[in-house]
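This report concerns only the one structure given below.
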Amino acid sequence: MLNCCLAQLSTFSVQQASTMNTNLGNLKVPPASLPVFPVIFIMILAPVYNHVILPFARKLTKSEMGITHLQRIGTGLVLSIIAMAVAALVETKRKRAAMAMLDEASPSPLRMTFLWIAMQYLFLGSADLFTLAGMMEFFFTETPSSMRSLATALSWASLAMGYYLSSVLVHIVNDVTSLYGNRPWLIGSNLNEYHLERFYWLMCVLSCLNFLHYLFWANRYKYRSLVIGHAN
């Protein structure tokens with residue numbers, strides 16, 4: 001589900017930014033370049049994660065690991081929930097700004113800066129950092145050495161499945177919301193006529209359910225190193 005949320009970074013978020021003011025001083029930022037934001041955030045957050053968060057967690061928990069692998073993944077899932085909630089609120093604000101212009105079909109950009117979109121990129125970039133780091137460490141410490149390559153491949157396969165699920169979800173949402181002659185949420189030439197904020201809230205709810213499902217199984221997992229230690 002996290003990868004399904006990440007798919008929105010290169011689709012609807014770019015469409016949103018194309019209707020907004022993308023000027024940074026004298027520089028005009030192409031909306032299609034916005035997916036570089038999570039990369040920038042990860043480059044900034046990775047050293048903070050290694051040199052600030054982990055040492056603090058080690059002192060707090062008094063263990064070498066600091067934060068367990070599953071806790072890191074869970075933190076990433078929580079951040080993805082926050083990201084979808086922020087995305088829904090930003091889209092609500094963007095549509096209000098469009099309505100204030102009294103001409104929703106106008107091709108002119110809104111006065112609202114595209115940096116509002118960067119907020120959801122920040123949370124999703126952080127979610128990707130925590131989840132990917134936790135997942136890689138989990139695979140390399142908990143799986144047999146003969147299965148590590150397979151586990152790593154499965155993690156990248158989940159990214160592809162997330163993007164595919166995003167397309168399927170958009171199709172299902174449009175089919176369901178078009179019943180009884182209603183206008184589909186995510187179809188049309190004018191983004192301001194979409195109900196994108198509702199779709200983001202739906203993603204937020206699904207991410208919450210995904211986190212609860214993850215929590216159910218993560219709480220029952222016994223780390224391999226601990227099991228071996230008890231056996232010895």
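Ordering of the structure tokens sets the chain letters (A, B, ...); residue numbers start at 1 within each chain; ligands are numbered from 1 in the order shown.
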key: Near-Phe56 in chain A list (12 Å; only C-alpha atoms; drop same-chain fewer than 6 positions) as a list in words   = Val48, Tyr49, Asn50, Lys62, Ser63, Glu64, Met65, Gly66 and Ile67 of chain A
Same residues, N, CA and C atoms, output as a short mmCIF file (atom, residue, chain, number, x, y, z; two decimals), in the first residue's frame:
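What follows is the written file again10.cif:
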data_model
loop_
_atom_site.label_atom_id
_atom_site.label_comp_id
_atom_site.auth_asym_id
_atom_site.auth_seq_id
_atom_site.Cartn_x
_atom_site.Cartn_y
_atom_site.Cartn_z
N VAL A 48 20.70 12.37 8.86
CA VAL A 48 20.01 12.66 10.13
C VAL A 48 19.56 11.37 10.79
N TYR A 49 19.06 10.45 9.97
CA TYR A 49 18.60 9.15 10.47
C TYR A 49 19.75 8.37 11.11
N ASN A 50 20.91 8.35 10.42
CA ASN A 50 22.04 7.56 10.90
C ASN A 50 22.79 8.19 12.07
N LYS A 62 18.67 1.36 25.03
CA LYS A 62 19.84 0.68 25.57
C LYS A 62 20.12 -0.63 24.84
N SER A 63 19.95 -0.62 23.54
CA SER A 63 20.25 -1.77 22.70
C SER A 63 21.01 -1.30 21.48
N GLU A 64 21.83 -2.18 20.91
CA GLU A 64 22.64 -1.84 19.76
C GLU A 64 21.78 -1.54 18.53
N MET A 65 20.67 -2.23 18.42
CA MET A 65 19.79 -2.05 17.26
C MET A 65 19.08 -0.71 17.32
N GLY A 66 18.75 -0.25 18.51
CA GLY A 66 18.03 1.01 18.67
C GLY A 66 16.57 0.86 18.34
N ILE A 67 16.27 0.91 17.05
CA ILE A 67 14.91 0.68 16.55
C ILE A 67 14.92 -0.64 15.79
#
Would you give me, as a tab-separated table, each residue of range 1-76 of chain A having an atom within 10 Å of an atom of range 214-225 of chain A, along with its shortest atom pair and that distance in Å to one decimal, using only C-alpha atoms and sorting by chain and residue number?
residue	atom	partner	partner_atom	distance
A:Thr68	CA	A:Tyr223	CA	9.6
A:His69	CA	A:Tyr223	CA	9.7
A:Leu70	CA	A:Ala218	CA	6.6
A:Gln71	CA	A:Ala218	CA	8.6
A:Ile73	CA	A:Tyr214	CA	9.3
A:Gly74	CA	A:Leu215	CA	7.6
message = Show me, as a PyMOL selection string, the residues that have an atom within 10 Å of Ile81 in chain A when counting only C-alpha atoms, minus same-chain residues fewer than 6 positions from it.
response = chain A and resi 2+5+87+123-124+127+200-201+203-211
Using only C-alpha atoms, please write the residues we just selected to a file, as a short mmCIF file (atom, residue, chain, number, x, y, z; two decimals), in the first residue's frame.
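Wrote it out as out_23.cif, contents follow:
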data_model
loop_
_atom_site.label_atom_id
_atom_site.label_comp_id
_atom_site.auth_asym_id
_atom_site.auth_seq_id
_atom_site.Cartn_x
_atom_site.Cartn_y
_atom_site.Cartn_z
CA LEU A 2 2.95 2.31 0.65
CA CYS A 5 0.88 5.93 -2.28
CA ALA A 87 -2.19 15.53 0.42
CA PHE A 123 6.37 12.69 4.39
CA LEU A 124 6.36 10.10 1.61
CA ALA A 127 8.20 6.94 4.76
CA TYR A 200 -6.55 10.93 -1.06
CA TRP A 201 -8.74 10.42 2.01
CA MET A 203 -5.88 6.24 0.30
CA CYS A 204 -5.41 7.44 3.88
CA VAL A 205 -8.09 5.04 5.15
CA LEU A 206 -6.65 2.13 3.15
CA SER A 207 -3.18 2.95 4.49
CA CYS A 208 -4.58 2.85 8.03
CA LEU A 209 -6.09 -0.59 7.39
CA ASN A 210 -2.80 -1.73 5.87
CA PHE A 211 -0.93 -0.52 8.97
#
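Of the residues listed (A:Phe199, A:Tyr121, A:Phe138, A:Phe114), A:Phe114 shows the shortest atom-to-atom separation from Met20 in chain A; distances use only C-alpha atoms.
From CA of Glu91 in chain A back to CA of Leu110 in chain A, the distance works out to 12.6 Å.
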note = From CA of Gln120 in chain A to CA of Leu202 in chain A the spacing works out at 15.5 Å
request  = Apply DSSP to the backbone of this structure and, from range 27-222 of chain A, keep only the residues in alpha helix (DSSP H); write these as a VMD selection string.
outcome  = chain A and resid 36 to 48 54 to 61 69 to 100 115 to 142 148 to 177 196 to 218
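Minimum atom-to-atom distances from A:Thr19, A:Asn3, A:Ser167, A:Ser33 to Gly125 in chain A were compared using only C-alpha atoms, and the lowest value belongs to A:Asn3.
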